[in-house]
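All remarks here apply to the structure that follows.
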Amino acid sequence: MKKRWIEPVTLTGEHVILEPLALEHLDGIIEAVKDGELWKLWFTSVPSPETAETTIKSALDLRENAGWMPFIVREKATGKIIGSTRYCNVDEVNQRLEIGYTWYSASYQRTIVNTECKYLLLSHAFEKLDAIAVEFRTHWHNHKSRAAIARLGAKQDGVLRNHSKSADGIYRDTVVFSIINLEWPAVKQSLKFKLSS
């Protein structure tokens, strides 16, 4: 069997642990999304307690058949599941991937959690997977997410107009950001500084 570009891996930081997603995380995911009722935000794709199991199964299917890598985000100090993120839209041939499907419980938003998660994911992508570019995509109307991505050091590539249609039939304009391998040393230095501040 051919070795995959992205193999399951656990990434550990000072504050968070990113573990490969599994069905056994269902109860923790349900509790995490209840903190802030995140599924009610119309411009995000956070599962509800009722859709969490289907979302996990879909993510695992994409890991198996498309080379994606979904993670749960665990608070290191307590072991509590506080969110989820993925390597997605993986282009193994061109060594590109996206970090997406990211959400955190409301009480962990605007904390060091996102910075450390992105530091771990970007370090692994550029230093272990030898990625040439890492993308981030978000809804035009998700201003918090756009600002958070820009704070990481990613540059806006453009806007994909009418990029996709939501379940309620509304078209989404998608804002695309990226960090390329040549930019990673400076972005890494900036993230390390943010983490130590």
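Going by the structure tokens order, chains are called A, B, ..., each with residues numbered from 1, while ligands are numbered from 1 in the order shown.
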
Per residue of region 40-122 of chain A within 9 Å of region 132-152 of chain A, record the nearest atom pair and its distance in Å to one decimal, counting only C-alpha atoms, with rows in chain order and ascending residue number, as a Markdown table.
| residue | atom | partner | partner_atom | distance |
| --- | --- | --- | --- | --- |
| A:Phe43 | CA | A:His139 | CA | 6.2 |
| A:Thr44 | CA | A:His139 | CA | 7.5 |
| A:Asn94 | CA | A:Ile132 | CA | 7.8 |
| A:Gln95 | CA | A:Ile132 | CA | 5.8 |
| A:Arg96 | CA | A:Ala133 | CA | 5.1 |
| A:Leu97 | CA | A:Val134 | CA | 5.2 |
| A:Glu98 | CA | A:Glu135 | CA | 4.3 |
| A:Ile99 | CA | A:Phe136 | CA | 5.6 |
| A:Gly100 | CA | A:Phe136 | CA | 6.3 |
| A:Arg110 | CA | A:Ala148 | CA | 8.8 |
| A:Asn114 | CA | A:Ala148 | CA | 8.5 |
| A:Thr115 | CA | A:Leu152 | CA | 7.3 |
| A:Lys118 | CA | A:Leu152 | CA | 7.9 |
| A:Tyr119 | CA | A:Leu152 | CA | 8.8 |
| A:Leu122 | CA | A:Val134 | CA | 7.6 |

In region 44-135 of chain A, DSSP strand (DSSP E) residues written as a ChimeraX atom specification: /A:69-75,81-91,96-104,133-135

Spatial neighbours of region 61-71 of chain A, max dist 6 Å, only C-alpha atoms, sep filter under 3 positions, as a ChimeraX atom specification: /A:18-21,58,84-88

Those same residues - N, CA and C atoms - I'd like them written as a short mmCIF file (atom, residue, chain, number, x, y, z; two decimals), in the first residue's frame.
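Wrote it out as result-v4.cif, contents follow:
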data_model
loop_
_atom_site.label_atom_id
_atom_site.label_comp_id
_atom_site.auth_asym_id
_atom_site.auth_seq_id
_atom_site.Cartn_x
_atom_site.Cartn_y
_atom_site.Cartn_z
N LEU A 18 -3.25 18.35 19.56
CA LEU A 18 -4.06 18.03 18.39
C LEU A 18 -3.95 16.53 18.15
N GLU A 19 -5.08 15.84 18.25
CA GLU A 19 -5.12 14.39 18.07
C GLU A 19 -5.94 14.04 16.85
N PRO A 20 -5.57 12.97 16.12
CA PRO A 20 -6.40 12.53 15.00
C PRO A 20 -7.83 12.26 15.47
N LEU A 21 -8.79 12.80 14.74
CA LEU A 21 -10.20 12.65 15.06
C LEU A 21 -10.62 11.19 14.98
N SER A 58 -18.07 11.76 8.10
CA SER A 58 -17.70 12.38 6.83
C SER A 58 -16.22 12.76 6.83
N SER A 84 -11.94 21.68 16.96
CA SER A 84 -11.54 20.77 15.89
C SER A 84 -10.92 21.58 14.74
N THR A 85 -10.07 20.93 13.96
CA THR A 85 -9.44 21.56 12.80
C THR A 85 -8.99 20.45 11.85
N ARG A 86 -8.62 20.82 10.63
CA ARG A 86 -8.20 19.80 9.65
C ARG A 86 -7.15 20.34 8.69
N TYR A 87 -6.35 19.39 8.18
CA TYR A 87 -5.68 19.59 6.92
C TYR A 87 -6.71 19.13 5.89
N CYS A 88 -7.06 19.99 4.95
CA CYS A 88 -8.09 19.64 3.97
C CYS A 88 -7.68 20.12 2.58
#

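Of the residues under consideration (A:Arg161, A:Lys188, A:Lys57, A:Lys34), A:Lys34 shows the shortest atom-to-atom contact distance to Ser107 (chain A) when counting only C-alpha atoms.
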
Top pick for closest residue to Glu31 (chain A), considering A:Leu11, A:Ile81, A:Ala131, A:Ala154 and counting only C-alpha atoms: A:Ile81

Nearest residue to Thr10 (chain A) from the set A:Asp168, A:Leu160, A:Val46, A:His124 (distances using only C-alpha atoms): A:His124

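You can rank A:Ala59, A:Val159, A:Ile29, A:Asp130 by their closest distance to Leu182 (chain A) using only C-alpha atoms, and at the top of that list sits A:Asp130.
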
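Shortest atom-to-atom contact with Lys128 (chain A) among A:Thr174, A:Asn181, A:Ser166, A:Thr51: A:Asn181, counting only C-alpha atoms.
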
Distance criterion (only C-alpha atoms): nearest to Val33 (chain A) out of A:His163, A:Trp103, A:Gln109, A:Arg74: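 Comparing A:His163, A:Trp103, A:Gln109, A:Arg74 against Val33 (chain A), the winner is A:Trp103.
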
Picked from region 1-157 of chain A by DSSP as helix (DSSP H, G or I), as a count of residues only: 60

Length of the CA of Gly28 (chain A) to CA of Val113 (chain A) vector [Å]: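 We find that CA of Gly28 (chain A) and CA of Val113 (chain A) lie 17.1 Å from each other.
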